[in-house]
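Chemist: Quick one, upload20.cif (mmCIF, C-alpha atoms):
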data_coords
#
loop_
_atom_site.label_atom_id
_atom_site.label_comp_id
_atom_site.auth_asym_id
_atom_site.auth_seq_id
_atom_site.Cartn_x
_atom_site.Cartn_y
_atom_site.Cartn_z
CA MET Z 1 145.57 108.04 107.10
CA LYS Z 2 145.63 111.38 105.33
CA LEU Z 3 142.46 110.39 103.50
CA LEU Z 4 140.71 109.79 106.80
CA SER Z 5 142.01 113.00 108.31
CA ASN Z 6 141.31 115.43 105.49
CA SER Z 7 138.74 113.97 103.13
CA LYS Z 8 135.02 113.79 103.79
CA ILE Z 9 134.51 111.01 101.24
CA TRP Z 10 134.94 108.24 103.81
CA ALA Z 11 132.47 109.92 106.21
CA VAL Z 12 129.86 110.23 103.48
CA ALA Z 13 130.52 106.62 102.49
CA VAL Z 14 130.01 105.41 106.08
CA ILE Z 15 126.74 107.33 106.40
CA MET Z 16 125.48 106.08 103.04
CA LEU Z 17 126.49 102.52 103.81
CA SER Z 18 124.69 102.64 107.13
CA GLY Z 19 121.62 104.08 105.46
CA LEU Z 20 121.73 101.38 102.80
CA VAL Z 21 121.79 98.52 105.28
CA TYR Z 22 119.03 100.17 107.33
CA ILE Z 23 116.81 100.44 104.29
CA GLY Z 24 117.77 96.94 103.18
CA SER Z 25 116.96 95.32 106.51
CA CYS Z 26 113.67 97.20 106.85
CA THR Z 27 112.37 96.48 103.36
CA ARG Z 28 113.69 93.01 102.66
CA ASP Z 29 111.07 90.29 102.73
CA ASN Z 30 111.84 86.80 103.79
CA ASP Z 31 112.65 84.54 100.87
CA LEU Z 32 109.92 82.15 99.99
CA ILE Z 33 110.97 78.63 100.74
CA VAL Z 34 109.83 76.73 97.71
CA PRO Z 35 109.82 73.00 98.33
CA VAL Z 36 111.70 71.05 95.73
CA LYS Z 37 109.54 68.45 94.13
CA LEU Z 38 111.59 65.29 94.38
CA THR Z 39 109.10 62.81 93.02
CA GLN Z 40 106.43 63.41 90.47
CA PRO Z 41 102.87 62.37 91.36
CA PHE Z 42 101.99 59.00 89.97
CA ALA Z 43 100.49 59.19 86.48
CA PRO Z 44 98.40 56.12 85.77
CA ASN Z 45 98.84 54.42 82.45
CA ARG Z 46 95.91 52.10 82.02
CA GLY Z 47 94.43 50.80 78.83
CA THR Z 48 90.87 49.99 77.91
CA ASN Z 49 91.00 46.20 77.71
CA ILE Z 50 87.91 44.27 78.63
CA HIS Z 51 88.13 40.55 79.30
CA LEU Z 52 85.12 38.29 79.78
CA PRO Z 53 84.88 34.50 80.12
CA GLY Z 54 81.63 34.12 78.23
CA THR Z 55 80.79 30.44 78.04
CA MET Z 56 84.51 29.62 77.78
CA THR Z 57 84.00 28.03 74.39
CA VAL Z 58 87.25 26.61 73.15
CA GLY Z 59 88.34 28.22 69.89
CA ASP Z 60 86.40 31.44 70.45
CA PRO Z 61 89.06 34.13 70.82
CA THR Z 62 86.55 36.58 72.34
CA GLN Z 63 86.09 34.30 75.33
CA TRP Z 64 88.82 34.12 77.92
CA LYS Z 65 89.70 30.94 79.73
CA MET Z 66 91.54 30.66 83.01
CA ASP Z 67 94.70 28.66 82.44
CA LYS Z 68 94.82 26.71 85.69
CA ALA Z 69 97.90 24.76 84.73
CA HIS Z 70 99.84 28.04 84.62
CA SER Z 71 98.13 29.70 87.57
CA SER Z 72 98.68 29.40 91.28
CA VAL Z 73 97.35 30.26 94.69
CA LEU Z 74 100.24 30.68 97.09
CA TRP Z 75 100.28 31.22 100.83
CA SER Z 76 102.98 32.17 103.24
CA SER Z 77 103.25 32.79 106.95
CA ASN Z 78 106.06 33.21 109.44
CA TYR Z 79 106.94 29.83 110.87
CA ILE Z 80 105.93 29.68 114.57
CA GLY Z 81 105.02 33.34 114.25
CA THR Z 82 108.54 34.71 114.37
CA ALA Z 83 110.88 32.73 112.14
CA GLY Z 84 111.25 32.75 108.37
CA LEU Z 85 108.48 32.10 105.93
CA LEU Z 86 106.61 28.85 105.74
CA THR Z 87 105.16 28.67 102.25
CA GLY Z 88 102.79 26.51 100.31
CA ARG Z 89 100.35 26.44 97.47
CA PHE Z 90 96.92 25.04 96.79
CA ASN Z 91 96.89 22.39 94.12
CA GLN Z 92 93.18 22.77 93.46
CA PHE Z 93 91.43 26.09 93.02
CA GLY Z 94 89.12 27.81 90.61
CA MET Z 95 87.30 31.00 89.72
CA HIS Z 96 83.74 30.04 90.32
CA ASP Z 97 81.21 31.48 92.71
CA VAL Z 98 80.42 28.21 94.45
CA ALA Z 99 76.81 28.24 95.49
CA ALA Z 100 75.61 26.25 98.50
CA ALA Z 101 74.07 23.70 96.21
CA GLU Z 102 77.40 23.20 94.49
CA MET Z 103 79.30 22.45 97.70
CA LEU Z 104 79.68 18.78 97.04
CA ASN Z 105 82.22 16.04 96.51
CA TYR Z 106 82.78 15.65 92.79
CA VAL Z 107 84.29 12.54 91.29
CA ALA Z 108 86.66 14.25 88.94
CA THR Z 109 90.37 14.76 88.45
CA GLY Z 110 90.07 18.42 87.44
CA GLN Z 111 87.89 21.24 88.67
CA PRO Z 112 84.25 20.35 88.16
CA LEU Z 113 82.99 23.93 87.98
CA LEU Z 114 83.57 26.42 85.16
CA ASP Z 115 85.99 29.25 85.92
CA ASN Z 116 83.54 31.82 84.70
CA SER Z 117 82.73 33.94 87.75
CA TRP Z 118 84.79 36.92 86.80
CA ALA Z 119 85.05 39.91 84.49
CA PHE Z 120 87.76 42.46 84.03
CA ASN Z 121 87.45 45.98 82.70
CA GLU Z 122 90.74 47.81 82.70
CA ALA Z 123 89.28 51.33 82.42
CA ASN Z 124 86.15 50.84 84.48
CA PRO Z 125 86.80 48.93 87.70
CA ALA Z 126 83.14 49.09 88.65
CA GLN Z 127 82.64 46.51 85.90
CA THR Z 128 85.33 44.22 87.31
CA PHE Z 129 84.38 41.40 89.64
CA PHE Z 130 85.59 37.94 90.52
CA SER Z 131 84.96 34.95 92.73
CA GLY Z 132 87.33 32.17 93.55
CA TYR Z 133 87.91 29.24 95.83
CA VAL Z 134 90.54 26.84 97.05
CA GLN Z 135 90.30 23.36 98.42
CA ILE Z 136 91.94 23.59 101.83
CA ASN Z 137 93.08 19.96 101.96
CA GLN Z 138 94.99 20.55 98.72
CA SER Z 139 97.57 22.73 100.48
CA ASN Z 140 101.01 21.64 99.31
CA THR Z 141 104.10 22.63 101.24
CA GLY Z 142 106.28 19.93 99.70
CA GLU Z 143 106.16 17.91 102.94
CA PRO Z 144 103.59 15.12 102.47
CA GLY Z 145 103.66 14.29 106.18
CA ARG Z 146 102.55 17.79 107.03
CA ASP Z 147 100.19 18.32 104.10
CA GLY Z 148 98.28 15.13 104.71
CA GLY Z 149 98.81 15.21 108.47
CA CYS Z 150 98.68 18.22 110.77
CA ASN Z 151 97.42 20.45 107.98
CA ILE Z 152 94.25 18.41 107.77
CA SER Z 153 93.47 18.46 111.47
CA GLY Z 154 94.82 21.96 111.98
CA MET Z 155 92.62 23.44 109.27
CA GLY Z 156 89.51 21.52 110.28
CA THR Z 157 89.12 19.62 107.05
CA THR Z 158 89.28 16.06 105.77
CA PRO Z 159 92.02 14.19 103.89
CA ILE Z 160 92.19 14.09 100.12
CA VAL Z 161 90.25 11.26 98.53
CA ALA Z 162 91.89 10.24 95.30
CA GLY Z 163 89.83 11.09 92.23
CA THR Z 164 87.50 13.30 94.22
CA GLN Z 165 87.24 17.11 94.25
CA ASN Z 166 86.06 18.06 97.69
CA LEU Z 167 84.07 21.28 97.48
CA THR Z 168 82.19 20.70 100.70
CA VAL Z 169 81.82 23.50 103.18
CA THR Z 170 84.57 22.35 105.54
CA ASN Z 171 87.12 22.15 102.75
CA LEU Z 172 86.25 25.31 100.89
CA ALA Z 173 87.63 28.81 101.27
CA LYS Z 174 85.95 31.31 98.96
CA ILE Z 175 86.45 34.89 97.97
CA LYS Z 176 83.98 37.16 96.24
CA SER Z 177 84.69 40.75 95.30
CA THR Z 178 82.33 43.47 96.50
CA LYS Z 179 84.14 46.57 95.24
CA VAL Z 180 86.99 47.25 92.81
CA GLU Z 181 88.58 50.73 92.60
CA PHE Z 182 91.58 52.32 90.98
CA ASP Z 183 94.72 52.37 93.08
CA ALA Z 184 95.89 56.00 93.19
CA SER Z 185 99.56 55.04 93.51
CA SER Z 186 99.89 52.41 90.82
CA ASN Z 187 98.23 51.03 87.71
CA GLY Z 188 96.61 48.41 89.89
CA TYR Z 189 93.30 48.24 91.71
CA ILE Z 190 92.15 48.12 95.31
CA VAL Z 191 89.73 45.30 95.81
CA THR Z 192 87.33 44.76 98.67
CA PHE Z 193 86.06 41.22 98.88
CA ASP Z 194 84.50 38.73 101.22
CA LEU Z 195 86.54 35.77 102.41
CA THR Z 196 84.34 32.88 103.53
CA TRP Z 197 85.87 29.92 105.30
CA GLN Z 198 84.80 27.71 108.15
CA GLY Z 199 88.26 26.78 109.36
CA LYS Z 200 87.90 25.31 112.84
CA LEU Z 201 84.69 27.17 113.52
CA ALA Z 202 81.28 25.53 113.80
CA ALA Z 203 80.00 27.37 110.72
CA PRO Z 204 81.55 29.33 107.85
CA LEU Z 205 82.59 32.88 108.67
CA THR Z 206 82.66 35.72 106.15
CA LYS Z 207 85.21 38.51 106.65
CA SER Z 208 85.59 41.58 104.47
CA ILE Z 209 89.18 41.91 103.25
CA VAL Z 210 90.99 44.53 101.21
CA GLY Z 211 93.59 43.41 98.69
CA LYS Z 212 95.59 44.67 95.74
CA LEU Z 213 94.81 43.52 92.23
CA ASN Z 214 97.33 43.92 89.43
CA TYR Z 215 96.61 43.49 85.77
CA ILE Z 216 99.34 42.03 83.58
CA THR Z 217 98.36 43.42 80.25
CA MET Z 218 97.26 41.41 77.27
CA THR Z 219 100.01 40.12 74.98
CA THR Z 220 99.85 38.27 71.71
CA ILE Z 221 101.80 35.01 71.62
CA ALA Z 222 103.10 34.55 68.10
CA THR Z 223 102.85 30.82 67.44
CA ALA Z 224 101.53 28.94 64.42
CA THR Z 225 98.09 29.76 65.79
CA PRO Z 226 98.56 33.10 67.54
CA TYR Z 227 96.68 33.63 70.76
CA LYS Z 228 96.56 36.17 73.53
CA VAL Z 229 97.24 36.00 77.23
CA PHE Z 230 96.83 38.27 80.22
CA GLY Z 231 97.25 37.89 83.94
CA LEU Z 232 95.57 38.95 87.15
CA GLN Z 233 97.43 38.97 90.41
CA LEU Z 234 95.64 39.39 93.71
CA LYS Z 235 97.53 39.87 96.98
CA PHE Z 236 95.98 40.09 100.41
CA GLN Z 237 96.37 39.14 104.03
CA PHE Z 238 94.01 37.71 106.59
CA ASN Z 239 94.12 36.62 110.20
CA CYS Z 240 93.73 32.87 110.45
CA ARG Z 241 92.79 33.19 114.16
CA ASP Z 242 89.52 34.75 112.99
CA PHE Z 243 88.68 31.37 111.56
CA GLY Z 244 89.52 29.41 114.70
CA ILE Z 245 92.96 28.24 113.57
CA THR Z 246 95.05 27.67 116.66
CA SER Z 247 98.14 26.04 115.17
CA THR Z 248 101.27 27.64 116.63
CA SER Z 249 103.31 26.54 113.63
CA ILE Z 250 101.95 29.47 111.67
CA ALA Z 251 101.59 33.14 112.47
CA ASP Z 252 98.30 34.96 112.89
CA LYS Z 253 98.79 36.72 109.59
CA ILE Z 254 98.64 34.69 106.40
CA ASP Z 255 99.70 36.22 103.08
CA ILE Z 256 97.92 35.02 99.98
CA GLU Z 257 98.99 35.58 96.41
CA CYS Z 258 96.77 34.49 93.55
CA ASN Z 259 98.38 34.47 90.12
CA MET Z 260 95.78 33.80 87.48
CA ASN Z 261 96.72 33.50 83.84
CA PHE Z 262 94.16 33.62 81.07
CA ASN Z 263 94.25 32.93 77.37
CA ASN Z 264 91.80 33.16 74.52
CA LYS Z 265 92.59 29.86 72.82
CA MET U 266 129.39 86.23 111.86
CA PRO U 267 130.43 83.23 113.98
CA ASP U 268 128.60 79.96 113.69
CA SER U 269 128.82 78.96 117.34
CA PHE U 270 126.23 80.44 119.67
CA PHE U 271 128.76 81.44 122.33
CA ALA U 272 131.04 83.04 119.77
CA TYR U 273 128.02 84.89 118.37
CA ALA U 274 127.16 86.17 121.86
CA GLU U 275 130.69 87.54 122.22
CA TRP U 276 130.50 89.04 118.74
CA VAL U 277 127.22 90.77 119.62
CA GLU U 278 128.79 92.31 122.76
CA LEU U 279 131.75 93.64 120.80
CA GLU U 280 129.62 95.01 117.99
CA THR U 281 127.27 96.67 120.47
CA PHE U 282 130.08 98.58 122.11
CA PHE U 283 132.23 99.50 119.12
CA ALA U 284 130.48 99.22 115.73
CA GLY U 285 128.43 102.41 115.99
CA TYR U 286 131.38 104.64 116.77
CA LEU U 287 132.35 105.01 113.12
CA LEU U 288 129.01 106.50 112.14
CA VAL U 289 129.00 108.85 115.12
CA TYR U 290 132.53 109.89 114.20
CA ALA U 291 131.57 110.38 110.54
CA ILE U 292 128.59 112.58 111.39
CA ILE U 293 130.53 114.72 113.88
CA TYR U 294 133.40 114.95 111.43
CA LEU U 295 131.16 116.09 108.56
CA VAL U 296 129.38 118.63 110.76
CA ALA U 297 132.69 119.94 112.04
CA LEU U 298 133.98 120.43 108.50
CA ASN U 299 131.27 123.00 107.82
CA ARG U 300 131.65 124.82 111.12
CA PRO U 301 134.09 127.58 112.08
CA ALA U 302 137.30 126.54 113.75
CA THR U 303 136.12 127.87 117.08
CA GLY U 304 132.71 126.22 116.91
CA PHE U 305 131.41 123.90 119.60
CA VAL U 306 131.48 120.83 117.38
CA LYS U 307 135.04 121.40 116.31
CA THR U 308 136.40 122.44 119.67
CA ARG U 309 134.39 120.25 122.02
CA LEU U 310 132.82 117.28 120.30
CA LEU U 311 135.49 116.26 117.81
CA PRO U 312 138.38 116.20 120.29
CA ASN U 313 136.28 114.22 122.74
CA LEU U 314 135.52 111.41 120.28
CA PRO U 315 138.53 109.25 121.30
CA LEU U 316 137.58 109.78 124.94
CA ALA U 317 134.02 108.68 124.20
CA TYR U 318 135.43 105.63 122.47
CA ALA U 319 137.67 104.91 125.42
CA PHE U 320 134.62 105.28 127.66
CA ALA U 321 132.74 102.73 125.55
CA GLY U 322 135.76 100.41 125.82
CA THR U 323 135.75 100.91 129.59
CA LEU U 324 132.07 99.99 129.72
CA TYR U 325 132.89 96.87 127.74
CA LEU U 326 135.64 96.01 130.20
CA GLY U 327 133.17 96.60 133.02
CA LEU U 328 130.74 94.17 131.44
CA GLN U 329 133.45 91.54 131.17
CA LEU U 330 134.41 92.05 134.81
CA LYS U 331 130.77 91.85 135.82
CA ASN U 332 130.43 88.60 133.91
CA ALA U 333 133.54 87.19 135.57
CA TYR U 334 132.46 88.22 139.09
CA PRO U 335 133.53 87.05 141.67
CA ASP U 336 136.41 84.98 140.26
CA TYR U 337 138.92 87.29 138.60
CA THR U 338 141.70 84.77 138.10
CA ILE U 339 143.33 84.65 134.65
CA GLU U 340 142.10 81.09 134.19
CA HIS U 341 138.53 82.12 134.79
CA LEU U 342 138.76 85.26 132.71
CA THR U 343 140.18 83.42 129.73
CA ALA U 344 138.06 80.28 130.08
CA GLY U 345 135.48 79.92 127.35
CA VAL U 346 136.68 82.92 125.35
CA GLN U 347 135.57 82.29 121.78
CA LEU U 348 136.99 85.33 119.99
CA PRO U 349 140.20 86.14 121.85
CA TYR U 350 141.80 88.42 119.23
CA LEU U 351 138.65 90.43 118.73
CA ARG U 352 138.20 90.79 122.49
CA ILE U 353 141.77 91.98 122.95
CA TRP U 354 141.28 94.39 120.08
CA GLY U 355 138.15 95.71 121.76
CA LEU U 356 139.90 96.15 125.11
CA ILE U 357 142.71 98.08 123.43
CA SER U 358 140.20 100.93 123.06
CA ILE U 359 140.82 101.74 126.73
CA LEU U 360 144.20 103.04 125.66
CA PHE U 361 142.44 106.07 124.20
CA TRP U 362 142.28 107.46 127.72
CA ILE U 363 146.00 108.13 127.23
CA PRO U 364 146.34 111.83 126.25
CA LEU U 365 148.87 111.04 123.54
CA LEU U 366 146.37 108.85 121.69
CA GLN U 367 143.57 111.33 122.30
CA LYS U 368 145.37 113.78 120.07
CA LYS U 369 145.07 111.35 117.17
CA PRO U 370 141.32 110.71 116.80
CA VAL U 371 141.93 108.93 113.52
CA PHE U 372 143.41 105.99 115.46
CA SER U 373 140.11 105.48 117.22
CA LEU U 374 138.49 105.60 113.82
CA LEU U 375 140.78 102.87 112.52
CA HIS U 376 140.19 100.83 115.64
CA SER U 377 136.44 100.97 115.23
CA LEU U 378 136.69 100.24 111.52
CA VAL U 379 137.37 96.55 112.28
CA PHE U 380 134.02 96.14 114.05
CA PHE U 381 132.19 98.24 111.50
CA PHE U 382 133.59 96.13 108.68
CA LEU U 383 132.61 92.84 110.39
CA LEU U 384 129.07 94.07 110.99
CA MET U 385 128.67 95.35 107.44
CA LYS U 386 130.03 92.12 106.01
CA SER U 387 127.54 90.11 108.03
CA LEU U 388 124.67 92.43 107.06
CA PHE U 389 125.51 92.39 103.39
CA LEU U 390 125.69 88.61 103.37
CA GLN U 391 122.29 88.40 105.03
CA LEU U 392 120.63 91.08 102.94
CA PHE U 393 122.01 90.44 99.50
CA THR U 394 122.34 86.68 99.43
CA SER U 395 119.58 84.12 99.53
CA SER U 396 118.58 83.31 103.07
CA PRO U 397 115.18 82.12 104.27
CA GLY U 398 114.90 84.43 107.26
CA ASN U 399 115.35 88.20 107.72
CA ASP U 400 115.48 87.98 111.51
CA MET U 401 119.26 87.86 111.74
CA ALA U 402 119.64 90.98 109.60
CA ARG U 403 117.04 92.82 111.67
CA ASN U 404 118.80 91.74 114.86
CA ASN U 405 122.14 92.97 113.55
CA MET U 406 120.57 96.31 112.68
CA LYS U 407 119.24 96.56 116.21
CA ILE U 408 122.73 95.89 117.52
CA TYR U 409 124.09 98.56 115.22
CA SER U 410 121.43 101.05 116.35
CA ILE U 411 122.13 100.36 120.02
CA SER U 412 125.83 100.78 119.33
CA ILE U 413 125.22 104.16 117.67
CA PHE U 414 123.17 105.36 120.64
CA LEU U 415 125.69 103.98 123.10
CA ASN U 416 128.58 105.80 121.43
CA LEU U 417 126.50 108.94 121.06
CA GLY U 418 125.60 108.75 124.73
CA ALA U 419 129.23 108.18 125.63
CA LEU U 420 130.21 111.25 123.61
CA ILE U 421 127.56 113.40 125.27
CA LEU U 422 128.56 112.21 128.71
CA VAL U 423 132.27 112.72 128.09
CA THR U 424 131.58 116.17 126.64
CA ILE U 425 129.44 117.19 129.61
CA ILE U 426 132.11 115.98 132.00
CA SER U 427 134.83 117.78 130.05
CA LEU U 428 132.72 120.97 130.06
CA LEU U 429 132.19 120.68 133.78
CA ILE U 430 135.89 120.11 134.33
CA ALA U 431 136.72 123.08 132.11
CA ARG U 432 134.24 125.25 133.97
CA PHE U 433 135.57 124.08 137.29
CA ASN U 434 139.12 124.89 136.17
CA THR U 435 138.04 128.32 134.94
CA GLN U 436 136.34 129.06 138.24
CA LYS U 437 139.38 127.76 140.05
CA ARG U 438 141.66 130.06 138.12
CA SER U 439 139.36 133.08 138.48
CA THR U 440 139.04 132.64 142.22
CA GLY U 441 142.77 132.00 142.47
CA ILE U 442 142.38 128.93 144.60
#
Have the structure of the file written as structure tokens, please.
Modeler:
Amino acid sequence: MKLLSNSKIWAVAVIMLSGLVYIGSCTRDNDLIVPVKLTQPFAPNRGTNIHLPGTMTVGDPTQWKMDKAHSSVLWSSNYIGTAGLLTGRFNQFGMHDVAAAEMLNYVATGQPLLDNSWAFNEANPAQTFFSGYVQINQSNTGEPGRDGGCNISGMGTTPIVAGTQNLTVTNLAKIKSTKVEFDASSNGYIVTFDLTWQGKLAAPLTKSIVGKLNYITMTTIATATPYKVFGLQLKFQFNCRDFGITSTSIADKIDIECNMNFNNK
Amino acid sequence: MPDSFFAYAEWVELETFFAGYLLVYAIIYLVALNRPATGFVKTRLLPNLPLAYAFAGTLYLGLQLKNAYPDYTIEHLTAGVQLPYLRIWGLISILFWIPLLQKKPVFSLLHSLVFFFLLMKSLFLQLFTSSPGNDMARNNMKIYSISIFLNLGALILVTIISLLIARFNTQKRSTGI
């Protein structure tokens, strides 16, 4: 109390303090709000592998062969459009650009056409291309009654003939890549390709589709005779209604997953 | 500084009326120290400081009554009060109208110190700690400035009135009315 009554220190302190906060509030800039980087931008880690089928000569390790026995083409769709997934696979497929003249019935147990319509360049996607096909009547859901029954009529095709590979236009769905680019968010690739299928239409329809291609890098399998393998996985969707499919058992959207394994035996 | 908006509004009112008094007091006090004992500052301004403070407190009370108009029941007056202790402390300043307290200006100084401290604490936190915006600090400085002018105005008004009263009394005595 005496300090306040007789000393001028407190008065000077009050004036100085007031001056200090005035100067502080007039000169202080707003703090910069620096956003915290939570995730680092994706850094691609691709190699330089190049894989080509050549003439698919057995025993030539420079020529890559599609290993159909260990590959698959899978489809899935929501049952009746809303329920859980209805899934299946195609028993017969290949990687060949089937020309019109090749759209025939072949008396064969395996694929009659060479799986040589592809090339893969890990570092240069412009050099990557592929074609492929499935036989629609070879859809396998594990229910023979459905696969050989409503699937046939629903997809506008004809039943399987034992010992025959049906590559005719009504039984063939083909894809053919038109552009392959790097995917900015993964080590994979964005692929634009044409899907050609007649379905229930009067003539085949070609739709441009965009899908995602992943490369499962080359690995050496250490056996008595070492060999190498690699994989390509293509995922995409399409609308089956575009192709005249009216079945209400499946949704409009069909997911396709192609898992192709290759070796150089 | 309170977090709730309504509490902040009350806090702003209190700071506006009382926070600037300390600086006005300090300046008058320092000026008076260097003046002769019969000088205007020492004889007129310094003794009137508690009255000016009481006047500011009365203005604050007036604002509260204006806000409560027309319902002056206790329930209505106390409803929604966010800072009751600080409000009561502010209203206590009216007591400086009492001549006994007027003779102890240092009490008014201590009374105002509470508001000055709260404002300075808030300003220091905003100015010297990391905060994205400077708007709050600038706003508080505006409040402080208004408070200084309000208390200065109150002192001038009270001094003028006291001078007029003194003159009136002198005239009254000289004319022997």
Chemist: Mind checking which residues fall within 9 Å of Pro315 in chain U, counting all atoms listed in the file, ignoring those fewer than 5 positions away in the same chain, and posting them as a list in words?
Modeler: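 Surrounding residues, per the criterion: Phe320, Ser358, Phe361, Trp362, Leu366, Gln367, Lys368, Lys369, Pro370, Val371, Phe372, Ser373, Leu374 and Leu420 of chain U.
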Chemist: So that I can see what lies close to Lys65 in chain Z, please list as a PyMOL selection string the residues with an atom at most 7 Å from it, counting all atoms listed in the file and leaving out residues fewer than 6 positions away in the same chain.
Modeler: chain Z and resi 53+56+262-264
Chemist: Selected by the PyMOL selection byres ((chain U) within 10 of (chain Z)) in the shown coordinates: which residues, as a ChimeraX atom specification?
Modeler: /U:285,287-295,298,369-372,374-375,381,385,388-389,391-393,395-407,409-410
Chemist: Spell out the residues picked by the PyMOL selection byres ((chain Z and resi 111) around 8) here, as number ranges by chain.
Modeler: Z: 92-94, 108-110, 112-114, 165
Chemist: To test your reading of the syntax: which residues would the PyMOL selection byres ((chain Z and resi 103) around 7) return for the file shown? Reply as a list in words.
Modeler: Val98, Ala99, Ala100, Ala101, Glu102, Leu104, Leu167, Thr168 and Val169 of chain Z
